[in-house]
Every structure is written in structure tokens, then in C-alpha cells.
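All remarks here apply to the structure that follows.
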Amino acid sequence: MFKWFKRLGKEEGAAEVNSSPKEIEASSPVNLLGRLKERLSKTREGLVRRMDSLFLGRKEIDEDLLEELEEILITADLGVSTTEEILEDIRQQVSRKELSQPEALKGFIKERIKEILLKEAPPFPGQTKPHVVLVVGVNGVGKTTTIAKLAHYLKSQGLKVLLVAADTFRAAAIEQLETWGERLDLPVIRHQPGADPSAVAYDGIEAAMKRGVDVVLIDTAGRLHTKVNLMEELKKIKRVIGKRLPGAPHDIWLVLDATVGQNAINQTKLFHEALEVTGIVLTKLDGTAKGGVIVGICHDFGLPIRFIGVGEKMDDLQPFDPQAFVEALFD
Ligand SMILES: Nc1nc2c(ncn2[C@@H]2O[C@H](COP(=O)(O)OP(=O)(O)OP(=O)(O)O)[C@@H](O)[C@H]2O)c(=O)[nH]1
């Protein structure tokens, strides 16, 4: 269990997003589990504690109880189709007399959620060097800080990382990534604001190939996600990268903000249709009761969650482990 603790290792820091790596303090695996539990507290309140109160003192699983359960699952942001599927499974189990006690429902739902969250995903980073990750998502989801946290995580594993500032629409975005590069002591490939994002990405891949980099993280623009031109721009970046390095990008990760709930589902639909996303990074799971959206995303799109953001510190980005997540949520 909790294999991600080993992968995170002792050198993982707990630096504030605004602090330098020197200020990083060590955090133990026990702290990590404790932190995950603590950060999921609002989602746990809205989902698990409400289920506990619903089942308490109830003698049988009837339609009234299932209706109330449906409301809890929907309010916890699991989404309509996921909720309906879980309820249908429960009804079938009840009709086959495999489920009869309300208190058994919690364990049943926990297992169903775990099954939904368990998605096959190739190892990251893969064998190919450089492993290129195109990071996409709308503005404000925490894309740039996620890239910094990810770079910090990979660097702490002894990997050579290169950052590419392909959000050329905002000068501030380029500066933000450069600042992170300085703090983490990592190279950043950039052009002037307004430059062609594909050209920056192309240069980034070329530099990574020359320098023997293990992982390239490409930051992209997130504005105007409802307009065709941003998607066209991202598609072009994808094409250009593939021309320079066949097979790249090896991953396209969509960064989503858990606090927007069901809107994250709409964003996934848009980006996935245009780009064939390979994985999700869900940020800001701390402090939100809408964490159930993680289940809806996995269920509706079959996409693996690769990392989760549970706070603003450098080591608050954790590789996603469905088993650990469900235990932390339900315990
Ligand atoms: N609480 C919490 N805050 C986070 C998390 N991830 C990112 N943030 C915060 O979200 C805010 C926005 O992050 P940025 O990376 O600056 O995002 P942005 O520049 O607004 O937009 P993009 O980079 O385009 O996404 C920052 O204050 C981050 O510290 C998280 O997991 N939990």
C-alpha cells in the first residue's frame, strides 16, 4: 500500500510556493498520509460523513434511502452518470439479496469508487528520453505552479528537467516560469512575449535533445478555452513537437481545479476532444468539498489521474494513488 511514499522520498520538501528551495524542510511519509487525510477533510465531510449520518439507525435499503444517497453523491460532485451507475449497481445487488444492510453500503461505495479511480497508466517518465509532457488547462487552475511542483518532484528523483514557456500570450506567464526556473535551478526555454508558441516548443525539444534532458515540461496558454483558436494553437504545438521528435509529446496532461466542480468535466471534454489528453492533474483538492469530481472525471473519460495538488507547498503535489486516496477519504 502507499507506494507513493517511497517514490516521494525524504528529499521531498515542504517549501512555500513563494519560498526558495533552500527553505525546504523535510517531510516524512507519515506526514504525507496525515496531510492527505487532513486536506481531504471537506470532501470527506460532504461525502462520507453525510453517508454515515444517512445510514445511522436505518434498518433497510429502500427507495427513500437511495434517493437521499443519490442527493449526497450528486452534491459531492461525483456527477450524474457516475451516481446513476453506482445506484444501479446497488439496486441490482439489493434485488439479488447480496446487499441488504444500509451500513454495508458505505463499504460498497468505497469499493466502487476505488474501481473507477484505478486506471491503467504507463509509467512516468517512460523509457524515451526526453519524455515530453505538454501541460494544458485554463488560466487560474494552477498550471504554472503545478509545473514547478512537478519539476521539483522530478528533480528530487535525480532527473534532468527542462521547462518551456510556450504561454507566449502573457508576459507574466513567461516571467513566472523563469522565476521558477531560477528558484529550482532549472533551464527555461523562452522567447519574447507574442512569439509563436510552437516555435518555443520546437526550440525546447531541440535544447532537451542536445542537453540529454530526461523530462520536458511545456507550459501553454489557457485563455479563451472556449474559442477555437486556442485549441488550434495547442494542436499546432502538438504537431510541431511531433515533427521534431516523433512520438512526442509522450503525455498531454490537463490541469484541472477541483474547486470548480462539474465545470472541470466540461473542461475535460473540450480539451480531450481537441488534443486526446493522456492524464489529469487535479489541483486545489484541499479546502474544497467538491473533491468527488475526481471520480466523475475518471468515470466519464476513462483518463488516469496522474498527480493531485493538496496545498500550496512544493511537496503538496503528490503522485496519485487511488488506494491511498480512497483510504484517506473514507477513514
Ligand atoms: N490551495 C491550493 N492552491 C493551489 C494548488 N495548486 C495551485 N494553487 C494556487 O493557485 C494559484 C494559481 O496558480 P498559478 O500556477 O499561478 O496559476 P495561474 O498563473 O493563475 O494560471 P495558470 O498558471 O495558467 O494556471 C496560486 O496561488 C497557487 O499557489 C493546490 O493544490 N492547492
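Chain labels follow the order of the C-alpha cells: the first chain is A, the next B, and so on; residue numbering restarts at 1 in every chain, and ligands are counted from 1 in their shown order.
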
**Asked** Which polymer residues have any atom within 9 Å of an atom of A:His131, counting only C-alpha atoms, with same-chain residues fewer than 5 positions away left out, as a list of chain:residue names?
**Response** A:Phe124, A:Pro125, A:Gly126, A:Val213, A:Asp214, A:Val215, A:Val216, A:Leu217, A:Ala248, A:Pro249, A:His250, A:Asp251

Since we have the selection now, will you write its residues out, keeping N, CA and C atoms, as a PDB file, in the first residue's frame?
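So out_5.pdb came out as:
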ATOM      1  N   PHE A 124       5.551   6.856 -15.529  1.00  0.00           N
ATOM      2  CA  PHE A 124       6.005   8.215 -15.816  1.00  0.00           C
ATOM      3  C   PHE A 124       7.254   8.507 -15.007  1.00  0.00           C
ATOM      4  N   PRO A 125       8.330   9.045 -15.626  1.00  0.00           N
ATOM      5  CA  PRO A 125       8.508   9.157 -17.067  1.00  0.00           C
ATOM      6  C   PRO A 125       8.775   7.797 -17.698  1.00  0.00           C
ATOM      7  N   GLY A 126       8.479   7.709 -19.003  1.00  0.00           N
ATOM      8  CA  GLY A 126       8.678   6.450 -19.716  1.00  0.00           C
ATOM      9  C   GLY A 126      10.135   6.250 -20.091  1.00  0.00           C
ATOM     10  N   VAL A 213      18.316  15.880 -21.632  1.00  0.00           N
ATOM     11  CA  VAL A 213      17.297  16.093 -20.599  1.00  0.00           C
ATOM     12  C   VAL A 213      16.375  14.866 -20.491  1.00  0.00           C
ATOM     13  N   ASP A 214      15.937  14.539 -19.267  1.00  0.00           N
ATOM     14  CA  ASP A 214      15.020  13.405 -19.085  1.00  0.00           C
ATOM     15  C   ASP A 214      13.561  13.788 -19.330  1.00  0.00           C
ATOM     16  N   VAL A 215      13.158  14.916 -18.757  1.00  0.00           N
ATOM     17  CA  VAL A 215      11.744  15.306 -18.877  1.00  0.00           C
ATOM     18  C   VAL A 215      11.615  16.774 -19.281  1.00  0.00           C
ATOM     19  N   VAL A 216      10.792  17.015 -20.297  1.00  0.00           N
ATOM     20  CA  VAL A 216      10.495  18.388 -20.734  1.00  0.00           C
ATOM     21  C   VAL A 216       9.063  18.704 -20.325  1.00  0.00           C
ATOM     22  N   LEU A 217       8.885  19.804 -19.602  1.00  0.00           N
ATOM     23  CA  LEU A 217       7.535  20.222 -19.206  1.00  0.00           C
ATOM     24  C   LEU A 217       7.205  21.511 -19.958  1.00  0.00           C
ATOM     25  N   ALA A 248       6.566  12.304 -29.758  1.00  0.00           N
ATOM     26  CA  ALA A 248       6.325  13.346 -28.749  1.00  0.00           C
ATOM     27  C   ALA A 248       5.115  14.200 -29.178  1.00  0.00           C
ATOM     28  N   PRO A 249       4.380  14.809 -28.273  1.00  0.00           N
ATOM     29  CA  PRO A 249       4.527  14.710 -26.832  1.00  0.00           C
ATOM     30  C   PRO A 249       4.097  13.328 -26.324  1.00  0.00           C
ATOM     31  N   HIS A 250       4.854  12.808 -25.364  1.00  0.00           N
ATOM     32  CA  HIS A 250       4.536  11.481 -24.845  1.00  0.00           C
ATOM     33  C   HIS A 250       3.343  11.538 -23.908  1.00  0.00           C
ATOM     34  N   ASP A 251       3.123  12.714 -23.354  1.00  0.00           N
ATOM     35  CA  ASP A 251       1.956  12.917 -22.496  1.00  0.00           C
ATOM     36  C   ASP A 251       1.363  14.287 -22.735  1.00  0.00           C
TER      37      ASP A 251
END

**Request:** Please give me, as a ChimeraX atom specification, the residues lying within 8 Å of ligand 1 when counting only C-alpha atoms and all ligand atoms.
**Result:** /A:17,137-147,173,176,220-223,255,257,282-287,308-313,316-317

**Prompt:** Mind pulling up the distance from atom CA of A:Ala151 to atom CA of A:Asp167?
**Reply:** 17.2 Å

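Backbone DSSP assigns strand (DSSP E or B) in stretch 141-257 of chain A to Val161, Leu162, Leu163, Val164, Ala165, Val188, Ile189, Val215, Val216, Leu217, Ile218, Asp219, Asp251, Ile252, Trp253, Leu254, Val255, Leu256 and Asp257 of chain A.
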
**Complete:** From atom CA of A:Glu276 to atom CA of A:Met231 the spacing works out at 11.5 Å

**Prompt:** With only C-alpha atoms as the atoms that count, which of A:Glu120, A:Asp185, A:Ile305, A:Val295 lies nearest to A:Gln318?
**Reply:** A:Ile305

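All residues of protein, DNA or RNA that reach within 10 Å of A:Leu66, judged by only C-alpha atoms and not counting those fewer than 3 positions away in the chain, are Leu54, Ile61, Asp62, Glu63, Leu69, Glu70, Glu71, Ile72, Leu87, Ile90, Arg91 and Pro102 of chain A.
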
**Request:** May I have the residues within 7 Å of A:Thr278 as a ChimeraX atom specification, using only C-alpha atoms and disregarding those fewer than 3 positions away in the same chain?
**Result:** /A:251-253,303

Restrict the selected residues to C-alpha atoms and save them as a PDB file, in the first residue's frame.
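Below is the file that was written, again.pdb:
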ATOM      1  CA  ASP A 251       1.956  12.917 -22.496  1.00  0.00           C
ATOM      2  CA  ILE A 252      -0.645  15.649 -22.635  1.00  0.00           C
ATOM      3  CA  TRP A 253      -1.728  16.442 -19.112  1.00  0.00           C
ATOM      4  CA  LEU A 303      -8.486   9.084 -18.032  1.00  0.00           C
TER       5      LEU A 303
END

**Message:** List as a PyMOL selection string the protein and nucleic acid residues near A:Val200, meaning an atom at most 7 Å away when only C-alpha atoms are counted, but skip any in the same chain fewer than 4 places from it.
**Reply:** chain A and resi 166+190-191+196+204

Would you mind listing what lies within 10 Å of stretch 39-48 of chain A as a PDB file with C-alpha atoms, in the first residue's frame, with only C-alpha atoms counted and same-chain residues fewer than 3 positions away left out?
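Result file follows (result.pdb):
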ATOM      1  CA  LEU A  33      -0.652  10.491   4.653  1.00  0.00           C
ATOM      2  CA  GLY A  34      -1.748  12.709   7.519  1.00  0.00           C
ATOM      3  CA  ARG A  35      -1.704  15.720   5.239  1.00  0.00           C
ATOM      4  CA  LEU A  36      -3.709  13.966   2.540  1.00  0.00           C
ATOM      5  CA  MET A  51     -23.415   8.932   4.268  1.00  0.00           C
ATOM      6  CA  ASP A  52     -22.612   7.914   7.859  1.00  0.00           C
ATOM      7  CA  SER A  53     -25.484  10.063   9.166  1.00  0.00           C
ATOM      8  CA  LEU A  54     -27.833   8.751   6.487  1.00  0.00           C
ATOM      9  CA  LEU A  69     -27.965   8.757  -1.143  1.00  0.00           C
ATOM     10  CA  ILE A  72     -25.388  13.124  -1.379  1.00  0.00           C
ATOM     11  CA  LEU A  73     -23.391  11.709  -4.308  1.00  0.00           C
ATOM     12  CA  ILE A  74     -24.574  14.435  -6.677  1.00  0.00           C
ATOM     13  CA  THR A  75     -23.889  17.194  -4.134  1.00  0.00           C
ATOM     14  CA  ALA A  76     -20.406  15.772  -3.555  1.00  0.00           C
ATOM     15  CA  ASP A  77     -19.800  16.349  -7.283  1.00  0.00           C
ATOM     16  CA  LEU A  78     -19.487  12.750  -8.426  1.00  0.00           C
ATOM     17  CA  LYS A 106     -20.500   2.602   2.662  1.00  0.00           C
ATOM     18  CA  ILE A 109     -19.489   2.640  -2.480  1.00  0.00           C
ATOM     19  CA  LYS A 110     -15.876   2.848  -1.316  1.00  0.00           C
ATOM     20  CA  LYS A 284      -6.694  22.507  -5.046  1.00  0.00           C
ATOM     21  CA  LEU A 285      -8.238  19.380  -3.561  1.00  0.00           C
ATOM     22  CA  ASP A 286      -7.503  20.948  -0.193  1.00  0.00           C
ATOM     23  CA  GLY A 287     -10.168  23.248   1.132  1.00  0.00           C
ATOM     24  CA  THR A 288     -12.886  22.096  -1.259  1.00  0.00           C
ATOM     25  CA  ALA A 289     -15.905  19.889  -0.717  1.00  0.00           C
ATOM     26  CA  LYS A 290     -16.009  19.228  -4.463  1.00  0.00           C
ATOM     27  CA  GLY A 291     -13.241  16.603  -4.473  1.00  0.00           C
ATOM     28  CA  GLY A 292     -15.758  13.977  -5.639  1.00  0.00           C
ATOM     29  CA  VAL A 293     -15.310  15.407  -9.136  1.00  0.00           C
ATOM     30  CA  GLY A 309      -2.488  19.115  -5.662  1.00  0.00           C
ATOM     31  CA  VAL A 310      -3.368  19.295  -1.990  1.00  0.00           C
ATOM     32  CA  GLY A 311      -1.877  22.629  -0.984  1.00  0.00           C
ATOM     33  CA  ASP A 316       1.798  19.319  -1.915  1.00  0.00           C
ATOM     34  CA  PHE A 325      -6.719   8.334  -1.841  1.00  0.00           C
ATOM     35  CA  ALA A 328      -7.636   8.750   3.213  1.00  0.00           C
ATOM     36  CA  LEU A 329     -11.101   9.804   2.118  1.00  0.00           C
ATOM     37  CA  PHE A 330     -13.082   7.070   3.852  1.00  0.00           C
ATOM     38  CA  ASP A 331     -11.085   6.580   7.068  1.00  0.00           C
TER      39      ASP A 331
END

Which neighbours of A:Phe169 fall inside 8 Å, counting only C-alpha atoms, when residues of the same chain fewer than 3 positions from it are skipped, and could you give them as a PDB file with C-alpha atoms, in the first residue's frame?
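Final output, saved to result.pdb:
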ATOM      1  CA  PRO A 193       6.004  37.680 -25.438  1.00  0.00           C
ATOM      2  CA  GLY A 194       3.787  37.321 -28.501  1.00  0.00           C
ATOM      3  CA  ALA A 195       6.135  34.842 -30.207  1.00  0.00           C
ATOM      4  CA  ALA A 221      -1.691  29.320 -22.623  1.00  0.00           C
TER       5      ALA A 221
END

**Prompt:** Any idea what the distance is between atom CA of A:Cys298 and atom CA of A:Leu65?
**Reply:** 26.0 Å

**Item:** helix (DSSP H, G or I) positions in stretch 52-289 of chain A, given as a VMD selection string
**Value:** chain A and resid 52 to 55 63 to 75 80 to 95 102 to 117 143 to 156 171 to 184 197 to 211 228 to 244 258 to 260 263 to 275

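The smallest atom-to-atom distance between A:Ile241 and any of A:Arg58, A:Glu206, A:Lys129, A:Gln157, using only C-alpha atoms, is found for A:Glu206.
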
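In terms of minimum interatomic distance to A:Thr82, A:Ile113 ranks closest within A:Ile113, A:Ser156, A:Glu67, A:Leu162, counting only C-alpha atoms.
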
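Counting only C-alpha atoms and comparing A:Leu105, A:Ile174, A:Leu163, A:Ala148, the residue that lies closest to A:Pro187 is A:Leu163.
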
**Message:** Let me make sure I understand: among A:Gly242, A:Pro322, A:Gly302, A:Gly296, which one has the smallest atom-to-atom distance to A:Val133 if we use only C-alpha atoms?
**Reply:** A:Gly242
